[in-house]
$ cat work_21.tsv   # TSV, C-alpha atoms
chain	number	residue	atom	x	y	z
C	1218	MET	CA	-18.91	-69.06	66.47
C	1219	THR	CA	-17.10	-65.82	65.71
C	1220	PHE	CA	-16.50	-64.52	62.20
C	1221	GLU	CA	-12.77	-65.06	62.67
C	1222	SER	CA	-13.22	-68.75	63.44
C	1223	ARG	CA	-15.36	-69.50	60.39
C	1224	ARG	CA	-13.94	-71.27	57.33
C	1225	PRO	CA	-14.70	-69.47	54.07
C	1226	CYS	CA	-15.00	-71.67	51.00
C	1227	ARG	CA	-15.14	-70.67	47.33
C	1228	LYS	CA	-18.38	-71.57	45.61
C	1229	SER	CA	-18.19	-73.64	42.48
C	1230	GLY	CA	-19.14	-72.60	38.97
C	1231	TYR	CA	-16.75	-69.69	38.57
C	1232	GLN	CA	-14.46	-69.20	35.59
C	1233	LEU	CA	-11.19	-67.48	36.41
C	1234	GLU	CA	-8.91	-65.25	34.42
C	1235	SER	CA	-5.71	-64.25	36.14
C	1236	ILE	CA	-4.25	-61.06	34.69
C	1237	ASP	CA	-1.10	-59.47	36.08
C	1238	GLY	CA	-1.73	-60.83	39.57
C	1239	GLU	CA	-5.34	-59.72	39.62
C	1240	LEU	CA	-8.37	-61.90	39.06
C	1241	LEU	CA	-11.57	-61.72	37.12
C	1242	LEU	CA	-14.20	-64.16	38.32
C	1243	PHE	CA	-17.18	-64.91	36.19
C	1244	HIS	CA	-20.16	-67.08	37.00
C	1245	PRO	CA	-21.79	-68.00	33.66
C	1246	ALA	CA	-24.99	-69.39	35.13
C	1247	GLN	CA	-25.60	-66.19	37.06
C	1248	ALA	CA	-23.99	-63.90	34.45
C	1249	ARG	CA	-22.15	-62.29	37.32
C	1250	MET	CA	-18.62	-60.92	37.24
C	1251	MET	CA	-16.28	-59.84	40.00
C	1252	TYR	CA	-12.93	-58.08	39.98
C	1253	CYS	CA	-10.26	-58.93	42.57
C	1254	ASN	CA	-7.19	-56.82	43.05
C	1255	GLU	CA	-3.95	-58.54	44.04
C	1256	THR	CA	-4.87	-58.74	47.73
C	1257	ALA	CA	-8.38	-59.97	47.03
C	1258	SER	CA	-6.95	-62.54	44.60
C	1259	LEU	CA	-4.75	-63.98	47.33
C	1260	ILE	CA	-7.66	-64.08	49.77
C	1261	TRP	CA	-9.84	-65.79	47.17
C	1262	GLN	CA	-7.24	-68.49	46.66
C	1263	LEU	CA	-6.97	-69.05	50.41
C	1264	CYS	CA	-10.72	-69.59	50.78
C	1265	ASP	CA	-10.56	-73.38	50.43
C	1266	GLY	CA	-12.84	-74.35	53.31
C	1267	THR	CA	-10.00	-75.63	55.48
C	1268	ARG	CA	-8.59	-72.33	56.80
C	1269	THR	CA	-10.36	-70.09	59.28
C	1270	VAL	CA	-10.54	-66.33	58.72
C	1271	ASP	CA	-7.99	-65.97	61.53
C	1272	GLU	CA	-5.61	-68.35	59.79
C	1273	ILE	CA	-5.93	-66.43	56.53
C	1274	VAL	CA	-5.09	-63.20	58.37
C	1275	THR	CA	-2.06	-64.86	59.99
C	1276	LEU	CA	-0.79	-66.24	56.69
C	1277	LEU	CA	-1.06	-62.88	54.96
C	1278	SER	CA	0.46	-61.02	57.92
C	1279	GLU	CA	3.49	-63.31	57.77
C	1280	ALA	CA	3.80	-62.78	54.04
C	1281	PHE	CA	3.36	-59.00	54.25
C	1282	PRO	CA	4.58	-57.90	57.69
C	1283	GLU	CA	4.74	-54.27	56.59
C	1284	ALA	CA	0.93	-54.29	56.19
C	1285	GLU	CA	0.11	-56.37	59.25
C	1286	THR	CA	-2.04	-53.74	60.99
C	1287	GLN	CA	-4.24	-53.36	57.94
C	1288	ILE	CA	-4.58	-56.97	56.91
C	1289	ALA	CA	-7.31	-58.10	59.34
C	1290	GLU	CA	-9.52	-55.25	58.19
C	1291	ASP	CA	-8.79	-55.92	54.50
C	1292	VAL	CA	-9.56	-59.61	54.86
C	1293	ARG	CA	-12.86	-58.93	56.56
C	1294	ALA	CA	-13.88	-56.31	53.98
C	1295	THR	CA	-12.91	-58.58	51.09
C	1296	LEU	CA	-14.75	-61.58	52.50
C	1297	GLU	CA	-17.82	-59.43	52.98
C	1298	GLN	CA	-17.55	-58.41	49.33
C	1299	PHE	CA	-17.28	-62.08	48.31
C	1300	VAL	CA	-20.35	-62.91	50.42
C	1301	ALA	CA	-22.27	-60.02	48.85
C	1302	HIS	CA	-21.48	-61.47	45.41
C	1303	GLY	CA	-22.44	-64.95	46.55
C	1304	ALA	CA	-18.92	-66.11	45.70
C	1305	ILE	CA	-18.12	-67.85	49.00
C	1306	GLY	CA	-19.88	-69.79	51.69
C	1307	PHE	CA	-18.73	-70.75	55.20
C	1308	GLY	CA	-17.97	-74.28	56.26
W	1104	MET	CA	-45.48	-49.30	-10.58
W	1105	ARG	CA	-42.85	-48.41	-8.00
W	1106	VAL	CA	-39.71	-50.49	-7.87
W	1107	MET	CA	-38.92	-51.95	-4.47
W	1108	ARG	CA	-35.22	-51.82	-3.74
W	1109	ARG	CA	-33.24	-53.42	-0.97
W	1110	LYS	CA	-30.37	-52.55	1.34
W	1111	LEU	CA	-28.83	-55.54	3.08
W	1112	VAL	CA	-27.29	-54.65	6.42
W	1113	SER	CA	-24.84	-57.26	7.59
W	1114	PHE	CA	-22.95	-56.60	10.79
W	1115	ALA	CA	-21.47	-58.49	13.73
W	1116	GLY	CA	-22.66	-61.90	12.58
W	1117	SER	CA	-26.19	-60.62	12.21
W	1118	LYS	CA	-28.10	-59.31	9.23
W	1119	LEU	CA	-31.29	-57.66	8.18
W	1120	SER	CA	-32.84	-56.34	5.04
W	1121	ILE	CA	-34.46	-52.99	4.37
W	1122	GLU	CA	-36.78	-52.89	1.40
W	1123	TYR	CA	-37.83	-49.45	0.27
W	1124	SER	CA	-39.69	-47.59	-2.42
W	1125	GLY	CA	-40.21	-43.93	-3.18
W	1126	PRO	CA	-37.66	-41.10	-3.32
W	1127	ARG	CA	-37.92	-39.97	0.30
W	1128	ALA	CA	-37.65	-43.53	1.56
W	1129	ALA	CA	-34.58	-44.05	-0.63
W	1130	ALA	CA	-33.02	-40.84	0.68
W	1131	LEU	CA	-33.66	-41.90	4.27
W	1132	VAL	CA	-32.13	-45.33	3.80
W	1133	ASP	CA	-29.08	-43.72	2.24
W	1134	TYR	CA	-28.89	-41.18	5.09
W	1135	LEU	CA	-29.06	-43.86	7.77
W	1136	TYR	CA	-27.20	-46.78	6.19
W	1137	GLY	CA	-25.24	-45.21	3.35
W	1138	ARG	CA	-21.96	-45.88	5.17
W	1139	VAL	CA	-22.72	-49.57	5.67
W	1140	PRO	CA	-20.55	-51.41	3.15
W	1141	PRO	CA	-22.59	-52.71	0.19
W	1142	GLY	CA	-23.58	-56.35	0.37
W	1143	PRO	CA	-24.27	-58.93	-2.34
W	1144	GLY	CA	-28.01	-58.71	-1.64
W	1145	ASP	CA	-28.28	-54.97	-2.36
W	1146	GLY	CA	-30.29	-53.80	-5.32
W	1147	VAL	CA	-33.64	-54.83	-6.70
W	1148	VAL	CA	-35.54	-57.26	-4.51
W	1149	ASP	CA	-35.89	-60.68	-6.07
W	1150	LYS	CA	-35.92	-63.79	-3.99
W	1151	GLY	CA	-34.15	-64.96	-0.89
W	1152	ALA	CA	-34.96	-62.89	2.15
W	1153	SER	CA	-32.85	-62.29	5.25
W	1154	PRO	CA	-34.37	-63.40	8.57
W	1155	LEU	CA	-35.68	-59.92	9.30
W	1156	VAL	CA	-37.15	-57.54	6.76
W	1157	TYR	CA	-38.08	-53.91	7.23
W	1158	ARG	CA	-40.27	-52.27	4.61
W	1159	LEU	CA	-40.09	-48.53	4.19
W	1160	ALA	CA	-42.30	-46.73	1.71
W	1161	ASP	CA	-43.41	-43.27	0.75
W	1162	ASP	CA	-46.35	-42.88	-1.61
W	1163	GLY	CA	-45.81	-39.16	-2.08
W	1164	ARG	CA	-48.11	-38.33	0.84
W	1165	ARG	CA	-47.24	-40.70	3.69
W	1166	LEU	CA	-44.24	-42.52	5.10
W	1167	THR	CA	-44.70	-46.01	6.50
W	1168	LEU	CA	-42.34	-48.44	8.18
W	1169	CYS	CA	-43.02	-52.10	8.92
W	1170	ARG	CA	-40.94	-54.84	10.52
W	1171	GLY	CA	-42.30	-57.98	8.96
W	1172	GLU	CA	-46.05	-57.58	9.29
W	1173	THR	CA	-45.80	-55.16	12.22
W	1174	LEU	CA	-46.42	-51.50	11.52
W	1175	LEU	CA	-43.76	-49.45	13.33
W	1176	PHE	CA	-44.54	-46.02	11.91
W	1177	ASP	CA	-47.10	-44.28	9.75
W	1178	GLY	CA	-47.11	-40.52	9.25
W	1179	LEU	CA	-47.58	-37.71	6.77
W	1180	LEU	CA	-44.54	-36.94	4.63
W	1181	ALA	CA	-42.80	-34.15	6.54
W	1182	THR	CA	-39.43	-33.49	8.12
W	1183	GLN	CA	-40.72	-34.35	11.58
W	1184	SER	CA	-42.11	-37.65	10.29
W	1185	GLU	CA	-38.78	-38.46	8.68
W	1186	ALA	CA	-36.98	-37.81	11.96
W	1187	ASN	CA	-39.42	-39.97	13.91
W	1188	LEU	CA	-39.24	-42.75	11.35
W	1189	ALA	CA	-35.44	-42.58	11.27
W	1190	ASP	CA	-35.37	-42.85	15.05
W	1191	ALA	CA	-37.70	-45.87	14.97
W	1192	LEU	CA	-35.82	-47.64	12.18
W	1193	LEU	CA	-32.34	-46.99	13.51
W	1194	GLY	CA	-33.24	-47.95	17.07
W	1195	ASP	CA	-35.12	-51.09	16.09
W	1196	SER	CA	-32.53	-52.30	13.58
W	1197	CYS	CA	-29.61	-51.74	15.97
W	1198	HIS	CA	-31.53	-53.63	18.65
W	1199	HIS	CA	-32.05	-56.53	16.25
W	1200	LEU	CA	-28.41	-56.59	15.13
W	1201	ALA	CA	-27.29	-56.68	18.75
W	1202	LYS	CA	-29.79	-59.36	19.76
W	1203	GLU	CA	-28.69	-61.75	17.02
W	1204	SER	CA	-24.97	-60.97	17.05
W	1205	ARG	CA	-22.57	-63.93	17.23
W	1206	GLY	CA	-18.95	-64.78	16.48
W	1207	GLY	CA	-17.35	-62.04	18.55
W	1208	LEU	CA	-17.79	-59.36	21.16
W	1209	LEU	CA	-20.35	-56.68	20.45
W	1210	PHE	CA	-20.00	-53.60	22.61
W	1211	HIS	CA	-22.18	-50.63	23.28
W	1212	ALA	CA	-19.44	-48.22	22.32
W	1213	ALA	CA	-18.26	-45.34	20.19
W	1214	ALA	CA	-15.14	-45.63	18.07
W	1215	LEU	CA	-12.80	-43.28	16.23
W	1216	VAL	CA	-9.46	-43.54	14.50
W	1217	ASP	CA	-6.55	-41.36	15.49
W	1218	ARG	CA	-4.75	-41.30	12.16
W	1219	ALA	CA	-1.88	-39.21	13.47
W	1220	ARG	CA	-0.93	-42.02	15.83
W	1221	GLY	CA	-2.25	-44.77	13.61
W	1222	ARG	CA	-4.57	-46.38	16.10
W	1223	GLY	CA	-8.21	-46.98	16.80
W	1224	LEU	CA	-9.89	-45.74	19.94
W	1225	LEU	CA	-12.72	-47.71	21.50
W	1226	PHE	CA	-15.05	-45.91	23.92
W	1227	PRO	CA	-17.30	-48.46	25.62
W	1228	GLY	CA	-20.01	-46.97	27.79
W	1229	ALA	CA	-23.56	-47.33	28.98
W	1230	ILE	CA	-26.41	-45.13	27.76
W	1231	GLY	CA	-25.88	-41.63	29.10
W	1232	ALA	CA	-22.10	-41.94	29.48
W	1233	GLY	CA	-21.63	-39.23	26.85
W	1234	LYS	CA	-20.18	-41.38	24.08
W	1235	THR	CA	-21.88	-39.56	21.21
W	1236	THR	CA	-21.01	-36.09	22.45
W	1237	LEU	CA	-17.39	-37.07	23.01
W	1238	ALA	CA	-17.20	-38.78	19.62
W	1239	ALA	CA	-18.59	-35.65	17.95
W	1240	TRP	CA	-16.10	-33.43	19.71
W	1241	LEU	CA	-13.18	-35.70	18.87
W	1242	ALA	CA	-14.26	-35.80	15.22
W	1243	LEU	CA	-14.26	-32.00	15.27
W	1244	GLN	CA	-10.68	-32.16	16.59
W	1245	GLY	CA	-9.64	-34.11	13.50
W	1246	LEU	CA	-10.14	-37.74	14.50
W	1247	THR	CA	-12.02	-40.00	12.10
W	1248	TYR	CA	-15.47	-40.99	13.29
W	1249	LEU	CA	-16.50	-44.64	13.00
W	1250	THR	CA	-19.59	-45.04	15.17
W	1251	ASP	CA	-21.34	-43.82	18.30
W	1252	GLU	CA	-23.29	-46.99	19.10
W	1253	LEU	CA	-22.04	-50.50	18.26
W	1254	VAL	CA	-18.56	-51.96	17.85
W	1255	PHE	CA	-17.81	-55.59	17.07
W	1256	VAL	CA	-14.53	-57.36	17.81
W	1257	PRO	CA	-14.55	-60.71	15.97
W	1258	GLU	CA	-13.44	-63.73	17.99
W	1259	GLY	CA	-9.65	-64.02	17.97
W	1260	ALA	CA	-9.20	-60.81	15.96
W	1261	ASP	CA	-7.28	-57.69	16.89
W	1262	GLU	CA	-9.46	-55.32	14.93
W	1263	MET	CA	-12.83	-53.73	15.52
W	1264	HIS	CA	-15.73	-53.37	13.11
W	1265	ALA	CA	-17.87	-50.32	13.73
W	1266	PHE	CA	-21.52	-50.00	12.79
W	1267	PRO	CA	-21.37	-46.82	10.74
W	1268	ARG	CA	-24.31	-44.52	11.22
W	1269	PRO	CA	-25.03	-40.83	11.75
W	1270	LEU	CA	-24.36	-39.56	15.24
W	1271	ASN	CA	-27.46	-39.61	17.40
W	1272	LEU	CA	-26.93	-36.53	19.55
W	1273	LYS	CA	-29.31	-35.79	22.42
W	1274	SER	CA	-30.72	-32.27	22.35
W	1275	SER	CA	-29.47	-31.72	25.89
W	1276	ALA	CA	-25.88	-32.25	24.66
W	1277	GLU	CA	-25.99	-29.52	22.01
W	1278	PRO	CA	-24.94	-26.65	24.30
W	1279	ALA	CA	-21.72	-28.51	25.18
W	1280	LEU	CA	-20.83	-28.80	21.48
W	1281	SER	CA	-22.04	-25.39	20.38
W	1282	PRO	CA	-18.70	-23.62	20.96
W	1283	TYR	CA	-17.08	-26.09	18.55
W	1284	PHE	CA	-19.77	-26.80	15.99
W	1285	ASP	CA	-22.01	-24.43	14.07
W	1286	PHE	CA	-25.33	-26.28	14.20
W	1287	GLU	CA	-27.05	-23.56	12.18
W	1288	ALA	CA	-24.60	-23.80	9.30
W	1289	HIS	CA	-25.24	-27.56	9.06
W	1290	GLU	CA	-28.98	-27.40	9.69
W	1291	ALA	CA	-29.86	-28.76	6.25
W	1292	ALA	CA	-27.92	-31.96	6.90
W	1293	ILE	CA	-29.19	-32.50	10.45
W	1294	LEU	CA	-32.34	-34.54	10.97
W	1295	ARG	CA	-33.98	-33.17	14.09
W	1296	GLY	CA	-36.24	-35.32	16.24
W	1297	PRO	CA	-38.06	-34.42	19.43
W	1298	GLY	CA	-35.27	-35.35	21.85
W	1299	ALA	CA	-32.28	-35.96	19.62
W	1300	SER	CA	-30.75	-35.08	16.28
W	1301	LEU	CA	-29.01	-37.20	13.69
W	1302	ILE	CA	-25.82	-35.62	12.39
W	1303	PRO	CA	-23.96	-37.04	9.37
W	1304	PRO	CA	-20.28	-37.69	10.15
W	1305	ALA	CA	-19.29	-35.57	7.13
W	1306	SER	CA	-20.75	-32.50	8.85
W	1307	LEU	CA	-18.18	-33.03	11.60
W	1308	GLY	CA	-15.34	-33.39	9.14
W	1309	SER	CA	-15.29	-37.20	8.89
W	1310	HIS	CA	-15.72	-37.47	5.14
W	1311	ASP	CA	-13.95	-40.80	4.66
W	1312	VAL	CA	-16.05	-43.89	5.21
W	1313	VAL	CA	-14.06	-46.01	7.64
W	1314	SER	CA	-15.60	-48.87	9.55
W	1315	ARG	CA	-12.63	-51.03	10.56
W	1316	SER	CA	-9.53	-50.40	12.59
W	1317	GLY	CA	-7.18	-52.00	15.07
W	1318	VAL	CA	-8.01	-51.50	18.73
W	1319	GLY	CA	-5.20	-49.36	20.08
W	1320	LEU	CA	-6.70	-47.85	23.19
W	1321	LEU	CA	-9.71	-48.49	25.41
W	1322	ILE	CA	-11.23	-45.40	26.99
W	1323	PHE	CA	-14.23	-45.66	29.30
W	1324	PRO	CA	-15.79	-42.19	29.22
W	1325	ARG	CA	-18.16	-40.57	31.64
W	1326	TYR	CA	-19.47	-37.04	31.42
W	1327	VAL	CA	-20.32	-35.55	34.81
W	1328	PRO	CA	-21.33	-31.86	34.72
W	1329	ASN	CA	-18.94	-29.62	36.66
W	1330	SER	CA	-16.65	-32.48	37.63
W	1331	ASP	CA	-12.87	-32.33	37.56
W	1332	LEU	CA	-10.97	-34.13	34.83
W	1333	VAL	CA	-10.01	-37.68	35.80
W	1334	TRP	CA	-7.74	-39.71	33.54
W	1335	GLN	CA	-6.97	-42.96	35.26
W	1336	ALA	CA	-5.06	-45.95	33.96
W	1337	LEU	CA	-6.94	-49.18	34.55
W	1338	SER	CA	-5.37	-52.51	35.31
W	1339	LYS	CA	-6.12	-55.19	32.75
W	1340	ALA	CA	-8.51	-56.93	35.11
W	1341	GLN	CA	-10.33	-53.65	35.80
W	1342	ALA	CA	-10.58	-53.12	32.06
W	1343	GLY	CA	-12.02	-56.61	31.67
W	1344	LEU	CA	-14.71	-55.89	34.22
W	1345	ALA	CA	-15.57	-52.58	32.57
W	1346	LEU	CA	-15.69	-54.22	29.12
W	1347	MET	CA	-18.01	-56.94	30.38
W	1348	GLU	CA	-20.43	-54.27	31.58
W	1349	CYS	CA	-20.71	-52.91	28.01
W	1350	LEU	CA	-21.00	-56.27	26.24
W	1351	VAL	CA	-24.42	-56.56	24.61
W	1352	ASN	CA	-24.36	-60.06	23.09
W	1353	ALA	CA	-22.97	-62.11	25.99
W	1354	ARG	CA	-25.87	-64.56	25.91
W	1355	ASN	CA	-25.00	-65.58	22.34
W	1356	LEU	CA	-21.33	-66.32	23.04
W	1357	PRO	CA	-19.52	-69.38	24.36
W	1358	GLY	CA	-18.85	-68.81	28.07
W	1359	HIS	CA	-20.65	-65.47	27.76
W	1360	GLY	CA	-17.56	-64.08	26.00
W	1361	PHE	CA	-15.55	-64.08	29.22
W	1362	ALA	CA	-12.34	-65.54	27.75
W	1363	GLU	CA	-12.51	-63.17	24.76
W	1364	ILE	CA	-13.05	-60.19	27.06
W	1365	ALA	CA	-9.95	-61.17	29.01
W	1366	ARG	CA	-7.99	-61.51	25.75
W	1367	LEU	CA	-8.96	-58.02	24.63
W	1368	ALA	CA	-8.25	-56.54	28.06
W	1369	ARG	CA	-4.81	-58.17	28.15
W	1370	ALA	CA	-3.89	-56.79	24.75
W	1371	THR	CA	-5.08	-53.20	25.02
W	1372	PRO	CA	-4.12	-50.30	27.30
W	1373	ALA	CA	-7.18	-48.93	29.10
W	1374	TYR	CA	-8.13	-45.69	30.81
W	1375	ARG	CA	-11.11	-44.23	32.59
W	1376	LEU	CA	-11.98	-40.69	31.53
W	1377	CYS	CA	-14.30	-38.55	33.60
W	1378	TYR	CA	-14.80	-34.98	32.45
W	1379	GLY	CA	-17.00	-32.01	33.14
W	1380	GLY	CA	-16.59	-30.15	29.87
W	1381	PHE	CA	-14.56	-30.07	26.67
W	1382	ASP	CA	-12.56	-27.08	27.86
W	1383	GLN	CA	-10.81	-29.54	30.21
W	1384	LEU	CA	-9.85	-31.76	27.30
W	1385	GLU	CA	-8.72	-29.10	24.84
W	1386	ASP	CA	-5.27	-28.50	26.32
W	1387	ARG	CA	-4.66	-32.11	27.23
W	1388	LEU	CA	-5.97	-33.88	24.15
W	1389	GLU	CA	-2.56	-34.62	22.66
W	1390	MET	CA	-1.34	-36.01	25.94
W	1391	LEU	CA	-4.45	-38.13	26.42
W	1392	LEU	CA	-4.25	-39.53	22.93
W	1393	ASP	CA	-0.64	-40.45	23.58
W	1394	GLY	CA	-2.07	-42.59	26.39
W	1395	LEU	CA	-0.03	-40.88	29.09
$ encode --input "work_21.tsv" --output "structure tokens"
Amino acid sequence: MTFESRRPCRKSGYQLESIDGELLLFHPAQARMMYCNETASLIWQLCDGTRTVDEIVTLLSEAFPEAETQIAEDVRATLEQFVAHGAIGFG
Amino acid sequence: MRVMRRKLVSFAGSKLSIEYSGPRAAALVDYLYGRVPPGPGDGVVDKGASPLVYRLADDGRRLTLCRGETLLFDGLLATQSEANLADALLGDSCHHLAKESRGGLLFHAAALVDRARGRGLLFPGAIGAGKTTLAAWLALQGLTYLTDELVFVPEGADEMHAFPRPLNLKSSAEPALSPYFDFEAHEAAILRGPGASLIPPASLGSHDVVSRSGVGLLIFPRYVPNSDLVWQALSKAQAGLALMECLVNARNLPGHGFAEIARLARATPAYRLCYGGFDQLEDRLEMLLDGL
């Protein structure tokens, strides 16, 4: 299975604060906090375990055609950041 | 028989008591905690103790400091002993106040008031960020010093309570301040320890005792030798993340203080300041304080 065909899913236990389109995620049990800029916030919300990475890229490319060439790379980098924080798993 | 007196230190939902006897001990307590607002338990010790009691005594020959039954310091009465004892007492008591703090956000931070613009400046930062040196320099520029160590924002409030204490300036930071502050002229008021010196705020021009202010501006400082000046506006979420990194009582707060952090970040403009020397700030200070 390729990375692009995997289905990222948010892990439970996070508290969210949405501020001006950006997100702060906090996991009380792990006392861990993560900052998401506007792009990362959108990606976070799309990680529901039903969409593949490819589908997330397609959705964002349709929404932001002017940034299409950059989106695949941004999605991968952001998901890697989420994985590093233990904030998502893959279904 | 010597009279034992008491200074009750109540701050950030936490409290402790310092019992002392002897003239040098009394002078030290006044030097360290004289700016802490008086509490109802100050005066002659009678009954009713706070959860934590420090006992500080000089018998004319020696200085001793105990926390409860634990001896923290014992030395001959001399300036060096006073500096070492002051370091031990201030460090230990601040640690205790932070550990037991509840009812709001307690930050590792410096704070000053910019009276010209009528707003308080909060400088959260980790150890080594340069908070004390920056606070000293800003006080020398005319801002009113509140603290260089602990700032409390009560839950739901829009004001900050500073823990007022002398500035604890590392010896390595003195050269950066020397062009602006005549250390020699204030030598009598400075308590010099092996690696740091305590400087009374009045020596820097902050004569008024101020410990509370609104929070008008968040500035996250970082001193990096020889670096260029960076003054960067932070988004509110970025400010929230940076605030969380300087929160020292998260474990005592509902939800680790996360919702309160977000509230403060939403309400207050925030900047990151990286500087390599005060010469960079001199010309731009007015602009920076305007929050531009």
$ closest_atom_pairs --input "work_21.tsv" --of "chain C" --to "chain W" --cutoff "8 Å" --atoms "only C-alpha atoms" --output "CSV"
residue,atom,partner,partner_atom,distance
C:Glu1234,CA,W:Ala1365,CA,6.9
C:Ser1235,CA,W:Ala1340,CA,7.9
C:Ile1236,CA,W:Ala1340,CA,5.9
C:Asp1237,CA,W:Lys1339,CA,7.4
C:Glu1239,CA,W:Ala1340,CA,6.2
C:Leu1240,CA,W:Ala1340,CA,6.4
C:Leu1241,CA,W:Ala1340,CA,6.0
C:Phe1243,CA,W:Phe1361,CA,7.2
C:Pro1245,CA,W:Gly1358,CA,6.4
C:Ala1248,CA,W:His1359,CA,7.6
C:Met1250,CA,W:Leu1344,CA,7.1
C:Met1251,CA,W:Leu1344,CA,7.2
C:Tyr1252,CA,W:Leu1344,CA,6.4
C:Cys1253,CA,W:Ala1340,CA,7.9
$ write_last_selection --input "work_21.tsv" --atoms "C-alpha atoms" --output "PDB file, in the frame of the given file"
ATOM      1  CA  GLU C1234      -8.910 -65.250  34.420  1.00  0.00           C
ATOM      2  CA  SER C1235      -5.710 -64.250  36.140  1.00  0.00           C
ATOM      3  CA  ILE C1236      -4.250 -61.060  34.690  1.00  0.00           C
ATOM      4  CA  ASP C1237      -1.100 -59.470  36.080  1.00  0.00           C
ATOM      5  CA  GLU C1239      -5.340 -59.720  39.620  1.00  0.00           C
ATOM      6  CA  LEU C1240      -8.370 -61.900  39.060  1.00  0.00           C
ATOM      7  CA  LEU C1241     -11.570 -61.720  37.120  1.00  0.00           C
ATOM      8  CA  PHE C1243     -17.180 -64.910  36.190  1.00  0.00           C
ATOM      9  CA  PRO C1245     -21.790 -68.000  33.660  1.00  0.00           C
ATOM     10  CA  ALA C1248     -23.990 -63.900  34.450  1.00  0.00           C
ATOM     11  CA  MET C1250     -18.620 -60.920  37.240  1.00  0.00           C
ATOM     12  CA  MET C1251     -16.280 -59.840  40.000  1.00  0.00           C
ATOM     13  CA  TYR C1252     -12.930 -58.080  39.980  1.00  0.00           C
ATOM     14  CA  CYS C1253     -10.260 -58.930  42.570  1.00  0.00           C
TER      15      CYS C1253
END
$ closest_residue --input "work_21.tsv" --among "C:Val1300, C:Ala1246, C:Leu1263, C:Val1274" --to "Gln1287 of chain C" --atoms "all atoms listed in the file"
C:Val1274
$ residues_around --input "work_21.tsv" --residues "segment 1282-1287 of chain W" --least-positions-apart "6" --cutoff "12 Å" --atoms "all atoms listed in the file" --output "list in words"
Thr1236, Leu1237, Ala1239, Trp1240, Leu1241, Ala1242, Leu1243, Gln1244, Leu1272, Ser1274, Ala1276, Ile1293, Leu1294, Arg1295, Ser1300, Leu1301, Ile1302, Pro1303, Ser1306, Leu1307, Gly1308, Gly1380, Phe1381, Asp1382 and Glu1385 of chain W
$ atom_distance --input "work_21.tsv" --atom1 "atom CA of Ser1330 of chain W" --atom2 "atom CA of Asn1271 of chain W"
24.0 Å
$ residues_around --input "work_21.tsv" --residues "Arg1227 of chain C" --least-positions-apart "2" --cutoff "10 Å" --atoms "only C-alpha atoms" --output "PyMOL selection string"
chain C and resi 1225+1229-1231+1261-1266+1299-1300+1303-1307
$ residues_around --input "work_21.tsv" --residues "segment 1205-1215 of chain W" --least-positions-apart "5" --cutoff "6 Å" --atoms "all atoms listed in the file" --output "mmCIF file with C-alpha atoms, in the frame of the given file"
data_model
loop_
_atom_site.group_PDB
_atom_site.id
_atom_site.type_symbol
_atom_site.label_atom_id
_atom_site.label_comp_id
_atom_site.auth_asym_id
_atom_site.auth_seq_id
_atom_site.Cartn_x
_atom_site.Cartn_y
_atom_site.Cartn_z
ATOM 1 C CA GLY W 1116 -22.660 -61.900 12.580
ATOM 2 C CA GLY W 1223 -8.210 -46.980 16.800
ATOM 3 C CA LEU W 1224 -9.890 -45.740 19.940
ATOM 4 C CA LEU W 1225 -12.720 -47.710 21.500
ATOM 5 C CA PHE W 1226 -15.050 -45.910 23.920
ATOM 6 C CA PRO W 1227 -17.300 -48.460 25.620
ATOM 7 C CA GLY W 1228 -20.010 -46.970 27.790
ATOM 8 C CA LYS W 1234 -20.180 -41.380 24.080
ATOM 9 C CA THR W 1247 -12.020 -40.000 12.100
ATOM 10 C CA TYR W 1248 -15.470 -40.990 13.290
ATOM 11 C CA LEU W 1249 -16.500 -44.640 13.000
ATOM 12 C CA THR W 1250 -19.590 -45.040 15.170
ATOM 13 C CA ASP W 1251 -21.340 -43.820 18.300
ATOM 14 C CA GLU W 1252 -23.290 -46.990 19.100
ATOM 15 C CA LEU W 1253 -22.040 -50.500 18.260
ATOM 16 C CA VAL W 1254 -18.560 -51.960 17.850
ATOM 17 C CA PHE W 1255 -17.810 -55.590 17.070
ATOM 18 C CA VAL W 1256 -14.530 -57.360 17.810
ATOM 19 C CA PRO W 1257 -14.550 -60.710 15.970
ATOM 20 C CA GLU W 1258 -13.440 -63.730 17.990
ATOM 21 C CA CYS W 1349 -20.710 -52.910 28.010
ATOM 22 C CA LEU W 1350 -21.000 -56.270 26.240
ATOM 23 C CA VAL W 1351 -24.420 -56.560 24.610
ATOM 24 C CA ASN W 1352 -24.360 -60.060 23.090
ATOM 25 C CA ASN W 1355 -25.000 -65.580 22.340
#
$ closest_residue --input "work_21.tsv" --among "W:Leu1159, W:Cys1377, W:Leu1111, W:Val1139" --to "Pro1126 of chain W" --atoms "only C-alpha atoms"
W:Leu1159
$ residues_around --input "work_21.tsv" --residues "segment 1275-1280 of chain C" --least-positions-apart "2" --cutoff "12 Å" --atoms "only C-alpha atoms" --output "list in words"
Glu1221, Thr1256, Ala1257, Ser1258, Leu1259, Ile1260, Gln1262, Leu1263, Arg1268, Thr1269, Val1270, Asp1271, Glu1272, Ile1273, Pro1282, Glu1283, Ala1284, Glu1285, Thr1286, Gln1287, Ile1288, Ala1289, Glu1290, Asp1291 and Val1292 of chain C
$ atom_distance --input "work_21.tsv" --atom1 "atom CA of Leu1392 of chain W" --atom2 "atom CA of Ala1373 of chain W"
11.6 Å
$ atom_distance --input "work_21.tsv" --atom1 "atom CA of Ala1336 of chain W" --atom2 "atom CA of Gly1379 of chain W"
18.4 Å
$ residues_around --input "work_21.tsv" --residues "Leu1188 of chain W" --least-positions-apart "3" --cutoff "12 Å" --atoms "all atoms listed in the file" --output "ChimeraX atom specification"
/W:1127-1128,1131-1132,1135,1157-1161,1165-1169,1174-1185,1191-1196,1294-1297,1301
